[in-house]
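Peer 1: Shown below is the structure under consideration.
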Amino acid sequence: MKVLIGSDKSGFPLKEAVCAYLREKGYEVDDCGTRSVEEALPYYQVAATAAKKMQAQEYSRAILICGTGAGMAVVANKFKGVYAVACESMYSAEKARAINDANVMTMGGWIVAEALGCQMAEIFLTTAFTQNLEPWRQEFLKNAKTEVSSIEDSIYLKGQV
């Protein structure tokens, strides 16, 4: 799987650890963010770059890391078809995929330890939408995804965003 990853200065150490871990696991990882602390890019620029690549379907999943994870999620979610969830645990990383079918996970470099961040990334990348959920919940979530997509379409078609 080809994975896009990016960070600002605050997320740089965690991003470097996650990149190394994922590459070791055999993932193809492309970095669209800060490459050194000295030449840091702002979170809003990294998130927008990643979101545009997600919209163009260059990647199926992305991981973005800033200080708290919130800033990256806020910006990425401005783009149609991008569903970013800020995660702080393995449980939230799994449920972001299984329940919300998120295609972008954000994390906080000030919050998530490197070992945990690596585990979260792997869980996020290997969990499928509705995985390990009861049949009734799977059906509900598939219908909910369709409804959310309709809401999103109505917003973008009206030019409200």
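FYI, nothing fancy with the structure tokens labels: chains A, B, ... in order, residues from 1 per chain, ligands from 1 as they appear.
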Mind checking DSSP for chain A and telling me the strand (DSSP E or B) residues as a PDB file with C-alpha atoms, in the first residue's frame?

Peer 2:
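part08.pdb, written as the output of this step:
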```pdb
ATOM      1  CA  LYS A   2       1.161   3.494  -0.875  1.00  0.00           C
ATOM      2  CA  VAL A   3       0.807   5.863   2.091  1.00  0.00           C
ATOM      3  CA  LEU A   4       1.103   9.645   2.228  1.00  0.00           C
ATOM      4  CA  ILE A   5       2.518  11.157   5.397  1.00  0.00           C
ATOM      5  CA  GLY A   6       3.251  14.698   6.462  1.00  0.00           C
ATOM      6  CA  SER A   7       3.977  16.806   9.490  1.00  0.00           C
ATOM      7  CA  GLU A  28       5.640   2.654   0.235  1.00  0.00           C
ATOM      8  CA  VAL A  29       5.667   5.965   2.118  1.00  0.00           C
ATOM      9  CA  ASP A  30       5.719   9.388   0.479  1.00  0.00           C
ATOM     10  CA  ASP A  31       6.395  12.476   2.582  1.00  0.00           C
ATOM     11  CA  ARG A  61      -4.683   6.689   3.034  1.00  0.00           C
ATOM     12  CA  ALA A  62      -2.713   9.475   4.656  1.00  0.00           C
ATOM     13  CA  ILE A  63      -1.274  10.159   8.090  1.00  0.00           C
ATOM     14  CA  LEU A  64      -0.765  13.766   9.182  1.00  0.00           C
ATOM     15  CA  ILE A  65       0.963  14.871  12.366  1.00  0.00           C
ATOM     16  CA  CYS A  66       1.068  18.270  14.051  1.00  0.00           C
ATOM     17  CA  ALA A  84      -9.719  13.053   8.642  1.00  0.00           C
ATOM     18  CA  VAL A  85      -9.979  11.929  12.254  1.00  0.00           C
ATOM     19  CA  ALA A  86      -7.642  12.997  15.059  1.00  0.00           C
ATOM     20  CA  VAL A 104      -6.761  10.361   6.856  1.00  0.00           C
ATOM     21  CA  MET A 105      -5.578   9.833  10.417  1.00  0.00           C
ATOM     22  CA  THR A 106      -4.072  12.762  12.271  1.00  0.00           C
ATOM     23  CA  MET A 107      -2.003  12.511  15.431  1.00  0.00           C
ATOM     24  CA  GLY A 108      -0.433  14.910  17.888  1.00  0.00           C
TER      25      GLY A 108
END
```

Peer 1: DSSP says alpha helix (DSSP H) for which residues of range 5-160 of chain A? Put them as a PyMOL selection string?

Peer 2: chain A and resi 12-24+43-55+70-76+90-98+114-126+135-157

Peer 1: At most 6 Å is the cut-off: for each residue in range 84-136 of chain A with any atom that close to an atom of range 8-25 of chain A, write down the nearest atom pair and the distance in Å rounded to one decimal, counting only C-alpha atoms, chain first then increasing number, as a Markdown table.

Peer 2:
```
| residue | atom | partner | partner_atom | distance |
| --- | --- | --- | --- | --- |
| A:Gly109 | CA | A:Gly11 | CA | 4.3 |
| A:Glu114 | CA | A:Leu14 | CA | 5.4 |
| A:Cys118 | CA | A:Val18 | CA | 5.0 |
```

Peer 1: Could you check the closest approach to Ile155 in chain A for each of A:Ala113, A:Thr49, A:Phe79, A:Lys95 and tell me which residue wins, using only C-alpha atoms?

Peer 2: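 Going through A:Ala113, A:Thr49, A:Phe79, A:Lys95 one by one, the smallest distance to Ile155 in chain A is for A:Phe79.
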
Peer 1: Between CA of Gln55 in chain A and CA of Val75 in chain A, what is the distance, to one decimal in Å?

Peer 2: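 CA of Val75 in chain A lies 13.5 Å from CA of Gln55 in chain A.
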